[in-house]
$ cat query.txt   # compact mmCIF, C-alpha atoms
# COMPACT_ATOMS: atom_id res chain seq x y z
CA MET C 1186 -79.50 46.17 -77.20
CA ILE C 1187 -78.44 45.11 -73.72
CA PRO C 1188 -78.80 47.70 -70.90
CA LEU C 1189 -75.63 49.19 -69.42
CA ILE C 1190 -75.19 49.47 -65.65
CA LEU C 1191 -72.47 51.92 -64.60
CA GLY C 1192 -71.05 53.44 -61.42
CA LEU C 1193 -68.27 53.01 -58.89
CA SER C 1194 -69.29 49.40 -58.18
CA THR C 1195 -71.91 47.46 -60.14
CA ARG C 1196 -71.44 43.83 -59.05
CA ALA C 1197 -74.39 43.63 -56.63
CA ILE C 1198 -77.08 44.95 -58.95
CA ALA C 1199 -75.62 42.96 -61.86
CA GLU C 1200 -76.06 39.82 -59.73
CA SER C 1201 -79.66 40.84 -59.09
CA ALA C 1202 -80.28 41.38 -62.80
CA VAL C 1203 -78.85 37.99 -63.74
CA ARG C 1204 -80.75 36.29 -60.91
CA GLY C 1205 -83.94 37.78 -62.33
CA GLY C 1206 -83.20 36.41 -65.81
CA ASN C 1207 -81.98 39.68 -67.33
CA ASN C 1208 -79.03 40.26 -69.64
CA VAL C 1209 -76.93 43.32 -68.79
CA PHE C 1210 -73.36 44.56 -69.12
CA THR C 1211 -71.43 46.80 -66.76
CA LEU C 1212 -68.93 49.63 -66.56
CA ASP C 1213 -67.37 50.40 -63.19
CA TYR C 1214 -64.08 51.14 -61.51
CA PHE C 1215 -63.06 47.80 -60.03
CA GLY C 1216 -63.83 45.09 -62.60
CA ASP C 1217 -63.61 42.39 -59.93
CA ARG C 1218 -63.05 38.72 -60.69
CA ASP C 1219 -66.51 37.47 -59.68
CA GLN C 1220 -68.27 40.17 -61.68
CA ARG C 1221 -66.30 39.36 -64.81
CA ALA C 1222 -67.30 35.71 -64.41
CA LEU C 1223 -70.95 36.80 -64.26
CA VAL C 1224 -71.45 39.48 -66.94
CA LYS C 1225 -69.49 41.40 -69.55
CA ASN C 1226 -67.65 44.12 -67.65
CA HIS C 1227 -65.57 47.14 -68.58
CA SER C 1228 -63.30 48.50 -65.84
CA LEU C 1229 -61.90 52.01 -65.55
CA SER C 1230 -58.99 50.63 -63.55
CA ARG C 1231 -58.15 47.51 -65.55
CA ASP C 1232 -59.19 48.36 -69.11
CA TYR C 1233 -58.89 52.14 -69.38
CA ARG C 1234 -56.26 52.93 -66.75
CA LEU C 1235 -58.43 55.81 -65.58
CA PRO C 1236 -59.07 57.06 -62.05
CA PHE C 1237 -62.63 56.88 -60.84
CA SER C 1238 -64.83 59.86 -61.67
CA ALA C 1239 -68.18 60.46 -63.29
CA GLU C 1240 -66.36 62.05 -66.22
CA SER C 1241 -64.19 58.93 -66.61
CA LEU C 1242 -67.32 56.77 -66.75
CA LEU C 1243 -68.81 59.06 -69.38
CA LYS C 1244 -65.61 58.99 -71.42
CA ALA C 1245 -65.35 55.20 -71.28
CA SER C 1246 -69.04 54.78 -72.16
CA SER C 1247 -68.54 56.66 -75.42
CA ASP C 1248 -67.06 53.47 -76.93
CA LEU C 1249 -70.03 51.32 -75.85
CA LYS C 1250 -73.39 50.72 -77.51
CA PHE C 1251 -76.54 50.71 -75.37
CA ASP C 1252 -80.09 52.00 -75.56
CA ALA C 1253 -80.83 51.95 -71.83
CA VAL C 1254 -78.66 52.83 -68.85
CA LEU C 1255 -78.94 52.37 -65.08
CA TYR C 1256 -76.53 54.13 -62.73
CA THR C 1257 -75.24 53.40 -59.23
CA SER C 1258 -73.10 55.45 -56.83
CA ASN C 1259 -71.95 58.18 -57.18
CA LEU C 1260 -73.57 59.44 -60.35
CA GLU C 1261 -76.42 60.91 -58.31
CA ASN C 1262 -73.96 63.73 -57.59
CA HIS C 1263 -73.44 64.43 -61.30
CA PRO C 1264 -76.72 65.37 -63.01
CA LYS C 1265 -74.84 66.86 -65.96
CA VAL C 1266 -73.22 63.49 -66.70
CA VAL C 1267 -76.56 61.71 -66.25
CA GLY C 1268 -78.04 64.26 -68.66
CA GLU C 1269 -75.40 63.45 -71.28
CA LEU C 1270 -76.17 59.75 -70.86
CA ALA C 1271 -79.88 60.57 -71.23
CA ASP C 1272 -79.11 62.16 -74.62
CA ARG C 1273 -77.85 58.76 -75.79
CA ALA C 1274 -80.19 56.28 -74.08
CA ASP C 1275 -83.19 55.82 -71.82
CA VAL C 1276 -82.20 56.41 -68.18
CA LEU C 1277 -83.75 53.68 -66.05
CA GLY C 1278 -84.20 55.75 -62.91
CA ASN C 1279 -84.19 59.36 -61.81
CA GLY C 1280 -83.23 61.86 -64.47
CA PRO C 1281 -80.94 64.88 -64.14
CA GLY C 1282 -83.75 67.27 -63.19
CA VAL C 1283 -84.71 65.14 -60.19
CA LEU C 1284 -81.09 64.78 -59.13
CA ARG C 1285 -80.44 68.53 -59.23
CA ARG C 1286 -83.28 69.11 -56.80
CA VAL C 1287 -83.07 66.18 -54.42
CA ARG C 1288 -79.28 66.37 -54.00
CA ASP C 1289 -79.28 70.13 -53.42
CA TRP C 1290 -78.81 70.85 -49.71
CA ALA C 1291 -80.65 74.16 -49.71
CA THR C 1292 -83.66 72.59 -51.42
CA LEU C 1293 -83.69 69.52 -49.19
CA ARG C 1294 -83.42 71.35 -45.87
CA GLU C 1295 -86.21 73.76 -46.86
CA PHE C 1296 -88.38 70.83 -47.88
CA CYS C 1297 -87.74 69.12 -44.53
CA ARG C 1298 -88.55 72.32 -42.65
CA GLN C 1299 -91.82 72.84 -44.49
CA ARG C 1300 -92.93 69.21 -44.07
CA SER C 1301 -91.75 68.93 -40.42
CA ILE C 1302 -89.37 66.09 -41.25
CA PRO C 1303 -86.77 65.66 -38.47
CA HIS C 1304 -83.33 66.37 -39.88
CA PRO C 1305 -79.96 67.59 -38.55
CA PRO C 1306 -79.49 71.35 -38.97
CA THR C 1307 -77.40 71.84 -42.12
CA LEU C 1308 -75.48 75.00 -43.04
CA LEU C 1309 -74.12 76.12 -46.40
CA PRO C 1310 -70.90 78.03 -47.14
CA GLY C 1311 -71.29 81.57 -45.84
CA GLU C 1312 -73.59 80.50 -42.99
CA GLU C 1313 -70.87 79.42 -40.56
CA LYS C 1314 -71.84 82.14 -38.09
CA LEU C 1315 -75.10 80.24 -37.50
CA ALA C 1316 -73.19 77.23 -36.16
CA THR C 1317 -74.05 77.67 -32.49
CA SER C 1318 -72.36 75.81 -29.65
CA LYS C 1319 -75.63 73.97 -29.04
CA PHE C 1320 -74.38 71.31 -31.50
CA ASN C 1321 -71.16 69.62 -32.45
CA TRP C 1322 -70.70 70.19 -36.17
CA LEU C 1323 -69.42 67.94 -38.92
CA ARG C 1324 -67.90 69.19 -42.15
CA LYS C 1325 -69.28 67.06 -45.00
CA PRO C 1326 -68.59 67.01 -48.71
CA ALA C 1327 -71.58 68.56 -50.47
CA CYS C 1328 -71.41 65.77 -53.06
CA GLY C 1329 -69.99 62.92 -51.03
CA GLY C 1330 -70.74 59.27 -50.43
CA GLY C 1331 -69.87 56.41 -48.11
CA GLY C 1332 -68.85 58.73 -45.30
CA SER C 1333 -65.67 59.74 -47.11
CA GLY C 1334 -64.29 63.15 -46.20
CA ILE C 1335 -66.52 63.77 -43.14
CA ARG C 1336 -64.59 65.45 -40.33
CA PRO C 1337 -65.37 67.34 -37.12
CA TRP C 1338 -65.52 71.02 -38.04
CA ASP C 1339 -62.47 73.02 -36.98
CA GLY C 1340 -64.20 76.41 -37.21
CA ARG C 1341 -62.68 77.44 -40.50
CA ARG C 1342 -64.69 78.93 -43.35
CA LEU C 1343 -66.23 76.44 -45.78
CA ASN C 1344 -65.52 76.38 -49.46
CA ARG C 1345 -68.29 75.58 -51.94
CA ASN C 1346 -67.54 71.84 -51.85
CA PHE C 1347 -68.62 71.36 -48.23
CA VAL C 1348 -71.54 71.87 -45.87
CA LEU C 1349 -71.87 71.77 -42.09
CA GLN C 1350 -74.24 69.31 -40.49
CA ALA C 1351 -75.05 69.06 -36.79
CA TYR C 1352 -74.02 65.78 -35.17
CA VAL C 1353 -77.03 63.79 -33.95
CA ASP C 1354 -76.31 61.10 -31.38
CA GLY C 1355 -78.02 57.83 -32.23
CA LEU C 1356 -77.97 54.68 -34.34
CA PRO C 1357 -76.74 55.14 -37.94
CA ALA C 1358 -79.22 53.38 -40.21
CA SER C 1359 -80.57 53.31 -43.73
CA ALA C 1360 -83.91 52.65 -45.34
CA ALA C 1361 -84.47 51.23 -48.80
CA PHE C 1362 -87.58 51.99 -50.80
CA VAL C 1363 -89.11 51.64 -54.24
CA ALA C 1364 -91.13 54.47 -55.80
CA ASP C 1365 -93.17 55.15 -58.93
CA GLY C 1366 -92.97 58.96 -58.91
CA LYS C 1367 -96.11 59.33 -56.79
CA LYS C 1368 -96.01 56.66 -54.09
CA GLY C 1369 -93.26 54.78 -52.32
CA VAL C 1370 -92.94 51.44 -50.50
CA VAL C 1371 -90.29 50.87 -47.81
CA ILE C 1372 -88.64 47.48 -48.38
CA GLY C 1373 -85.92 47.39 -45.73
CA LEU C 1374 -84.41 49.00 -42.63
CA THR C 1375 -80.76 48.29 -41.83
CA ARG C 1376 -78.18 49.33 -39.31
CA GLN C 1377 -75.20 50.99 -40.94
CA LEU C 1378 -71.73 49.91 -39.86
CA ILE C 1379 -69.72 53.13 -39.65
CA GLY C 1380 -66.00 53.44 -38.96
CA HIS C 1381 -65.62 49.97 -37.45
CA HIS C 1382 -61.93 49.53 -36.71
CA GLU C 1383 -62.34 45.74 -36.82
CA PHE C 1384 -63.07 45.89 -40.56
CA GLY C 1385 -60.23 48.32 -41.20
CA ALA C 1386 -62.50 51.36 -41.47
CA THR C 1387 -61.81 54.73 -39.87
CA GLY C 1388 -63.70 57.92 -39.03
CA TYR C 1389 -67.18 58.04 -40.54
CA CYS C 1390 -66.41 55.57 -43.32
CA TRP C 1391 -69.30 53.24 -44.19
CA CYS C 1392 -68.23 49.60 -44.02
CA GLY C 1393 -71.44 47.55 -44.15
CA ASN C 1394 -75.04 46.94 -43.09
CA ILE C 1395 -77.03 44.53 -40.95
CA LEU C 1396 -80.69 43.74 -41.71
CA PRO C 1397 -83.05 44.30 -39.84
CA LEU C 1398 -82.58 46.95 -37.13
CA PRO C 1399 -81.21 45.77 -33.76
CA MET C 1400 -84.23 46.82 -31.71
CA GLU C 1401 -87.52 45.49 -30.42
CA CYS C 1402 -90.35 45.14 -32.94
CA ASP C 1403 -92.49 47.89 -31.46
CA LYS C 1404 -89.58 50.33 -31.70
CA SER C 1405 -88.79 49.21 -35.25
CA ARG C 1406 -92.44 49.76 -36.19
CA CYS C 1407 -92.18 53.28 -34.79
CA VAL C 1408 -89.10 53.92 -36.96
CA LEU C 1409 -90.84 52.36 -39.97
CA ASP C 1410 -93.82 54.67 -39.55
CA GLY C 1411 -91.54 57.72 -39.54
CA VAL C 1412 -89.55 56.49 -42.52
CA ALA C 1413 -92.68 55.60 -44.52
CA LYS C 1414 -93.92 59.16 -44.02
CA MET C 1415 -90.59 60.55 -45.22
CA VAL C 1416 -90.56 58.32 -48.31
CA SER C 1417 -94.13 59.24 -49.18
CA LEU C 1418 -93.45 62.98 -48.93
CA LEU C 1419 -90.12 62.78 -50.76
CA THR C 1420 -91.54 60.69 -53.59
CA ARG C 1421 -94.48 63.01 -54.22
CA HIS C 1422 -92.47 66.22 -54.00
CA PHE C 1423 -89.41 65.19 -56.02
CA GLY C 1424 -91.02 62.59 -58.30
CA LEU C 1425 -88.61 59.82 -57.30
CA LYS C 1426 -88.68 56.66 -59.42
CA GLY C 1427 -87.14 53.23 -58.99
CA VAL C 1428 -85.27 51.96 -55.97
CA GLY C 1429 -83.56 54.39 -53.64
CA GLY C 1430 -82.32 54.82 -50.12
CA ILE C 1431 -82.23 57.33 -47.31
CA ASP C 1432 -79.59 57.59 -44.61
CA ILE C 1433 -81.02 58.22 -41.16
CA ILE C 1434 -79.95 58.57 -37.56
CA ILE C 1435 -82.34 56.94 -35.08
CA SER C 1436 -82.45 58.96 -31.86
CA ASP C 1437 -84.84 59.06 -28.94
CA GLY C 1438 -87.53 61.71 -29.24
CA PRO C 1439 -88.92 63.81 -26.38
CA ASP C 1440 -91.47 61.06 -25.68
CA GLY C 1441 -88.75 58.41 -25.40
CA ARG C 1442 -89.77 56.73 -28.65
CA PRO C 1443 -87.17 56.26 -31.41
CA ARG C 1444 -87.31 58.92 -34.09
CA PRO C 1445 -85.55 58.84 -37.48
CA PHE C 1446 -83.65 61.94 -38.58
CA LEU C 1447 -83.21 62.30 -42.35
CA VAL C 1448 -79.51 62.76 -43.13
CA GLU C 1449 -79.30 62.21 -46.88
CA ILE C 1450 -81.18 60.84 -49.90
CA ASN C 1451 -79.58 58.39 -52.34
CA PRO C 1452 -81.91 58.28 -55.35
CA ARG C 1453 -80.46 55.07 -56.86
CA TYR C 1454 -79.54 51.47 -56.00
CA THR C 1455 -77.86 51.29 -52.59
CA ALA C 1456 -75.45 48.87 -50.97
CA SER C 1457 -77.92 47.52 -48.40
CA MET C 1458 -80.28 46.22 -51.06
CA GLU C 1459 -78.55 42.91 -51.68
CA LEU C 1460 -79.25 42.05 -48.03
CA ILE C 1461 -82.95 42.73 -48.67
CA GLU C 1462 -82.78 40.49 -51.72
CA TRP C 1463 -81.12 37.75 -49.66
CA GLY C 1464 -83.30 38.10 -46.59
CA TYR C 1465 -86.72 38.82 -48.08
CA GLY C 1466 -86.56 37.11 -51.47
CA LEU C 1467 -87.18 40.29 -53.46
CA ASN C 1468 -85.46 40.81 -56.80
CA ILE C 1469 -84.26 44.40 -56.60
CA TYR C 1470 -83.44 44.82 -60.29
CA SER C 1471 -86.94 43.68 -61.27
CA LEU C 1472 -88.52 45.92 -58.62
CA HIS C 1473 -86.56 48.85 -60.01
CA LEU C 1474 -87.65 48.32 -63.60
CA ASP C 1475 -91.27 47.76 -62.57
CA ALA C 1476 -91.33 50.96 -60.51
CA VAL C 1477 -89.79 53.02 -63.31
CA ASN C 1478 -92.69 51.76 -65.43
CA GLY C 1479 -95.26 52.64 -62.76
CA TYR C 1480 -95.73 49.36 -60.89
CA LEU C 1481 -95.09 48.97 -57.15
CA PRO C 1482 -94.81 45.66 -55.26
CA GLU C 1483 -97.41 44.26 -52.90
CA PHE C 1484 -94.99 44.11 -49.97
CA SER C 1485 -95.29 44.95 -46.28
CA LEU C 1486 -92.17 45.29 -44.16
CA THR C 1487 -94.05 44.96 -40.86
CA GLY C 1488 -93.66 41.17 -40.85
CA HIS C 1489 -89.87 41.34 -41.29
CA LEU C 1490 -88.71 43.43 -38.34
CA ASP C 1491 -87.54 40.82 -35.82
CA GLY C 1492 -84.93 38.68 -37.58
CA PRO C 1493 -83.25 36.48 -38.53
CA PHE C 1494 -80.36 38.82 -39.34
CA PHE C 1495 -78.33 39.24 -42.52
CA GLY C 1496 -75.11 41.24 -42.77
CA LYS C 1497 -72.43 42.43 -45.15
CA ALA C 1498 -69.14 44.12 -44.42
CA ILE C 1499 -66.37 45.64 -46.51
CA VAL C 1500 -62.92 44.35 -45.57
CA PHE C 1501 -60.48 47.28 -45.78
CA ALA C 1502 -56.75 46.56 -45.98
CA ARG C 1503 -54.84 47.34 -42.79
CA ASN C 1504 -51.59 47.19 -44.76
CA SER C 1505 -50.68 47.41 -48.42
CA ILE C 1506 -50.93 43.82 -49.69
CA THR C 1507 -50.55 41.66 -52.79
CA ILE C 1508 -53.57 39.43 -53.35
CA PRO C 1509 -52.86 35.67 -53.39
CA ASP C 1510 -54.82 33.05 -55.34
CA THR C 1511 -58.53 33.87 -54.93
CA GLY C 1512 -59.86 30.56 -56.21
CA GLY C 1513 -62.56 29.35 -53.84
CA TRP C 1514 -63.39 32.80 -52.46
CA SER C 1515 -66.72 32.86 -54.24
CA GLU C 1516 -67.65 29.46 -52.78
CA ARG C 1517 -67.06 30.96 -49.32
CA GLY C 1518 -69.73 33.55 -50.08
CA TRP C 1519 -67.25 36.42 -50.48
CA ARG C 1520 -67.89 38.96 -53.20
CA ASP C 1521 -66.13 41.82 -55.04
CA ILE C 1522 -63.18 39.47 -55.35
CA PRO C 1523 -59.87 40.85 -56.65
CA PHE C 1524 -57.63 38.97 -59.07
CA PRO C 1525 -54.45 37.18 -57.92
CA SER C 1526 -51.44 39.52 -57.84
CA ASP C 1527 -53.62 42.64 -57.52
CA GLU C 1528 -52.03 45.29 -55.34
CA VAL C 1529 -54.36 46.69 -52.67
CA ARG C 1530 -53.13 49.75 -50.82
CA LYS C 1531 -53.69 50.30 -47.11
CA GLY C 1532 -57.17 51.63 -46.46
CA ARG C 1533 -58.61 50.37 -49.74
CA PRO C 1534 -61.34 47.67 -49.98
CA VAL C 1535 -60.19 44.07 -50.37
CA CYS C 1536 -63.56 42.33 -50.79
CA THR C 1537 -67.06 42.05 -49.28
CA VAL C 1538 -68.07 39.37 -46.77
CA PHE C 1539 -71.53 38.21 -45.74
CA ALA C 1540 -72.97 36.43 -42.71
CA GLY C 1541 -76.25 35.57 -41.05
CA GLY C 1542 -77.37 34.98 -37.49
CA ASN C 1543 -80.40 34.48 -35.28
CA THR C 1544 -79.49 37.66 -33.39
CA HIS C 1545 -77.85 40.92 -34.35
CA ASN C 1546 -74.78 40.16 -32.24
CA GLU C 1547 -74.43 36.68 -33.72
CA CYS C 1548 -74.58 38.14 -37.23
CA LEU C 1549 -71.94 40.77 -36.39
CA THR C 1550 -69.71 38.12 -34.79
CA ASN C 1551 -69.96 35.98 -37.92
CA LEU C 1552 -69.03 38.96 -40.08
CA LEU C 1553 -65.95 39.50 -37.94
CA ILE C 1554 -65.02 35.81 -38.31
CA ASN C 1555 -65.23 36.13 -42.09
CA ASP C 1556 -63.17 39.33 -41.95
CA ALA C 1557 -60.48 37.43 -40.02
CA ASN C 1558 -60.59 34.61 -42.58
CA VAL C 1559 -59.94 37.08 -45.41
CA ARG C 1560 -57.01 38.56 -43.51
CA ARG C 1561 -55.49 35.12 -42.96
CA LYS C 1562 -55.80 34.39 -46.68
CA THR C 1563 -54.13 37.68 -47.63
CA GLY C 1564 -51.59 37.88 -44.80
CA ASP C 1565 -53.14 41.16 -43.65
CA THR C 1566 -53.25 40.10 -40.02
CA LYS C 1567 -51.24 42.84 -38.30
CA GLU C 1568 -52.23 46.42 -37.66
CA GLY C 1569 -50.66 48.82 -40.11
CA MET C 1570 -48.30 51.44 -38.76

$ encode --input "query.txt" --output "structure tokens"
Amino acid sequence: MIPLILGLSTRAIAESAVRGGNNVFTLDYFGDRDQRALVKNHSLSRDYRLPFSAESLLKASSDLKFDAVLYTSNLENHPKVVGELADRADVLGNGPGVLRRVRDWATLREFCRQRSIPHPPTLLPGEEKLATSKFNWLRKPACGGGGSGIRPWDGRRLNRNFVLQAYVDGLPASAAFVADGKKGVVIGLTRQLIGHHEFGATGYCWCGNILPLPMECDKSRCVLDGVAKMVSLLTRHFGLKGVGGIDIIISDGPDGRPRPFLVEINPRYTASMELIEWGYGLNIYSLHLDAVNGYLPEFSLTGHLDGPFFGKAIVFARNSITIPDTGGWSERGWRDIPFPSDEVRKGRPVCTVFAGGNTHNECLTNLLINDANVRRKTGDTKEGM
């Protein structure tokens, strides 16, 4: 049988699978035009008229036949659902037992404390009295993703769905790695684009990545050393397998050297990985399958820290819009393309744009140009009220 890939969005890893000569089919929320031209796709929104949730994915998958399954965001937050999938098929990645441990805040913070891994102080419901004025505190969903729902803490008591995390001033970044359950290899470091108004994002909403980091090579090597240590310790302790990512904040340490703070672990395919595939010529889907089967790549990131630069950005609607003809969008290099006449509400993603550049600023400028081109095509050129 053909493996099933499922999650909120599956287009990027499906592209990687096809590029590597693999046959897959997908189940996700969006069911975008370019994905449906690439692989067989089932869409919660278009085919099942269901809202996105892990339970909706599980329900929809009950009609499908597969003997292997690979998940993307945000099923890492739902080990029970992953467990039910594991009862039906081989899970190509981290199983429910790993997810329960690595995505548990109490377990993760204790692990970081014991291994001296820099991390923002994190408090659980009932520990609010420990939130000293030494830090500014953010209220975060305990099982969140993409920066959704993160707010400055207003001092009120937490319910069980949230945690408090101290705000660390620095550069939001992410690291991608591949692991075999014992060892891990870092394959990319990217800057995260967070809350950029130019792309229609707000607050702490993730809206893209730029590869590599926008800093001098010696500083990037310092960050890489810290991240490699984290990945090694995390992999051995939790038994991580396949590709995964960690969110970090890069802040200056007491010695003036940049130091990565571990914010969160994403034990599955992450959004920055298609930039790594583009920039470094790695096939992420193949790396993932190899690692699950115990084989790691012979790859060193140290020779890829100084550019050129590769970027992606999510274009969020500034106004509620009706999508026009999208013929030719794929040829422009745009992805996650909606169908003509689709209705996109204000604040929702329209599509994904990509750009390169010899410098970080040139890459970001080119992303903004592509964002403006999308808005001209859709008529979404004015700020929403």

$ closest_residue --input "query.txt" --among "C:Trp1338, C:Leu1235, C:His1422, C:Ser1241" --to "Phe1296 of chain C" --atoms "all atoms listed in the file"
C:His1422

$ atom_distance --input "query.txt" --atom1 "atom CA of Arg1442 of chain C" --atom2 "atom CA of Ser1457 of chain C"
24.8 Å

$ residues_around --input "query.txt" --residues "Gly1564 of chain C" --least-positions-apart "5" --cutoff "9 Å" --atoms "all atoms listed in the file" --output "NGL selection string"
:C and (1506-1509 or 1559)

$ closest_residue --input "query.txt" --among "C:Asn1555, C:Thr1375, C:Asn1468, C:Ser1258" --to "Thr1455 of chain C" --atoms "all atoms listed in the file"
C:Ser1258

$ residues_around --input "query.txt" --residues "Met1458 of chain C" --least-positions-apart "2" --cutoff "9 Å" --atoms "all atoms listed in the file" --output "list in words"
Ala1197, Ile1198, Ala1361, Ile1372, Gly1373, Gly1430, Tyr1454, Thr1455, Ala1456, Leu1460, Ile1461, Glu1462, Trp1463 and Ile1469 of chain C

$ closest_residue --input "query.txt" --among "C:Gly1466, C:Gly1513, C:Gly1329, C:Gly1280" --to "Ser1201 of chain C" --atoms "only C-alpha atoms"
C:Gly1466

$ residues_around --input "query.txt" --residues "Ile1434 of chain C" --least-positions-apart "2" --cutoff "9 Å" --atoms "all atoms listed in the file" --output "list in words"
His1304, Val1353, Asp1354, Gly1355, Leu1356, Pro1357, Ala1358, Ser1359, Asp1432, Ser1436, Arg1444, Pro1445, Phe1446, Leu1447 and Val1448 of chain C

$ atom_distance --input "query.txt" --atom1 "atom CA of Leu1315 of chain C" --atom2 "atom CA of Ile1433 of chain C"
23.1 Å

$ residues_around --input "query.txt" --residues "segment 1515-1528 of chain C" --least-positions-apart "6" --cutoff "12 Å" --atoms "only C-alpha atoms" --output "VMD selection string"
chain C and resid 1194 to 1197 1199 to 1200 1213 to 1223 1230 to 1231 1459 1496 to 1500 1502 1504 to 1509 1534 to 1541 1552 1555 to 1556 1558 to 1559 1562 to 1563

$ write_last_selection --input "query.txt" --atoms "C-alpha atoms" --output "PDB file, keeping the file's coordinate frame"
ATOM      1  CA  SER C1194     -69.290  49.400 -58.180  1.00  0.00           C
ATOM      2  CA  THR C1195     -71.910  47.460 -60.140  1.00  0.00           C
ATOM      3  CA  ARG C1196     -71.440  43.830 -59.050  1.00  0.00           C
ATOM      4  CA  ALA C1197     -74.390  43.630 -56.630  1.00  0.00           C
ATOM      5  CA  ALA C1199     -75.620  42.960 -61.860  1.00  0.00           C
ATOM      6  CA  GLU C1200     -76.060  39.820 -59.730  1.00  0.00           C
ATOM      7  CA  ASP C1213     -67.370  50.400 -63.190  1.00  0.00           C
ATOM      8  CA  TYR C1214     -64.080  51.140 -61.510  1.00  0.00           C
ATOM      9  CA  PHE C1215     -63.060  47.800 -60.030  1.00  0.00           C
ATOM     10  CA  GLY C1216     -63.830  45.090 -62.600  1.00  0.00           C
ATOM     11  CA  ASP C1217     -63.610  42.390 -59.930  1.00  0.00           C
ATOM     12  CA  ARG C1218     -63.050  38.720 -60.690  1.00  0.00           C
ATOM     13  CA  ASP C1219     -66.510  37.470 -59.680  1.00  0.00           C
ATOM     14  CA  GLN C1220     -68.270  40.170 -61.680  1.00  0.00           C
ATOM     15  CA  ARG C1221     -66.300  39.360 -64.810  1.00  0.00           C
ATOM     16  CA  ALA C1222     -67.300  35.710 -64.410  1.00  0.00           C
ATOM     17  CA  LEU C1223     -70.950  36.800 -64.260  1.00  0.00           C
ATOM     18  CA  SER C1230     -58.990  50.630 -63.550  1.00  0.00           C
ATOM     19  CA  ARG C1231     -58.150  47.510 -65.550  1.00  0.00           C
ATOM     20  CA  GLU C1459     -78.550  42.910 -51.680  1.00  0.00           C
ATOM     21  CA  GLY C1496     -75.110  41.240 -42.770  1.00  0.00           C
ATOM     22  CA  LYS C1497     -72.430  42.430 -45.150  1.00  0.00           C
ATOM     23  CA  ALA C1498     -69.140  44.120 -44.420  1.00  0.00           C
ATOM     24  CA  ILE C1499     -66.370  45.640 -46.510  1.00  0.00           C
ATOM     25  CA  VAL C1500     -62.920  44.350 -45.570  1.00  0.00           C
ATOM     26  CA  ALA C1502     -56.750  46.560 -45.980  1.00  0.00           C
ATOM     27  CA  ASN C1504     -51.590  47.190 -44.760  1.00  0.00           C
ATOM     28  CA  SER C1505     -50.680  47.410 -48.420  1.00  0.00           C
ATOM     29  CA  ILE C1506     -50.930  43.820 -49.690  1.00  0.00           C
ATOM     30  CA  THR C1507     -50.550  41.660 -52.790  1.00  0.00           C
ATOM     31  CA  ILE C1508     -53.570  39.430 -53.350  1.00  0.00           C
ATOM     32  CA  PRO C1509     -52.860  35.670 -53.390  1.00  0.00           C
ATOM     33  CA  PRO C1534     -61.340  47.670 -49.980  1.00  0.00           C
ATOM     34  CA  VAL C1535     -60.190  44.070 -50.370  1.00  0.00           C
ATOM     35  CA  CYS C1536     -63.560  42.330 -50.790  1.00  0.00           C
ATOM     36  CA  THR C1537     -67.060  42.050 -49.280  1.00  0.00           C
ATOM     37  CA  VAL C1538     -68.070  39.370 -46.770  1.00  0.00           C
ATOM     38  CA  PHE C1539     -71.530  38.210 -45.740  1.00  0.00           C
ATOM     39  CA  ALA C1540     -72.970  36.430 -42.710  1.00  0.00           C
ATOM     40  CA  GLY C1541     -76.250  35.570 -41.050  1.00  0.00           C
ATOM     41  CA  LEU C1552     -69.030  38.960 -40.080  1.00  0.00           C
ATOM     42  CA  ASN C1555     -65.230  36.130 -42.090  1.00  0.00           C
ATOM     43  CA  ASP C1556     -63.170  39.330 -41.950  1.00  0.00           C
ATOM     44  CA  ASN C1558     -60.590  34.610 -42.580  1.00  0.00           C
ATOM     45  CA  VAL C1559     -59.940  37.080 -45.410  1.00  0.00           C
ATOM     46  CA  LYS C1562     -55.800  34.390 -46.680  1.00  0.00           C
ATOM     47  CA  THR C1563     -54.130  37.680 -47.630  1.00  0.00           C
TER      48      THR C1563
END

$ residues_near_point --input "query.txt" --point "(-86.5, 62.1, -59.4)" --cutoff "12 Å" --atoms "only C-alpha atoms" --output "ChimeraX atom specification"
/C:1261,1264,1276-1288,1363-1367,1419-1429,1450-1453,1477

$ atom_distance --input "query.txt" --atom1 "atom CA of Thr1211 of chain C" --atom2 "atom CA of Ile1190 of chain C"
4.7 Å

$ residues_around --input "query.txt" --residues "Leu1349 of chain C" --least-positions-apart "4" --cutoff "6 Å" --atoms "all atoms listed in the file" --output "list of chain:residue names"
C:Thr1307, C:Leu1308, C:Leu1323, C:Arg1324

$ closest_residue --input "query.txt" --among "C:Cys1402, C:Cys1328, C:Leu1343, C:Ala1360" --to "Gly1311 of chain C" --atoms "all atoms listed in the file"
C:Leu1343

$ closest_residue --input "query.txt" --among "C:Asp1491, C:Glu1269, C:Glu1312, C:Asp1252" --to "Glu1240 of chain C" --atoms "only C-alpha atoms"
C:Glu1269

$ closest_residue --input "query.txt" --among "C:Gly1411, C:Gly1532, C:Gly1479, C:Gly1542" --to "Gly1464 of chain C" --atoms "only C-alpha atoms"
C:Gly1542

$ axis_aligned_box --input "query.txt" --around "segment 1549-1556 of chain C" --padding-each-side "5 Å" --output "JSON"
{"center_x": -67.6, "center_y": 38.3, "center_z": -38.4, "size_x": 18.8, "size_y": 15.0, "size_z": 17.3}
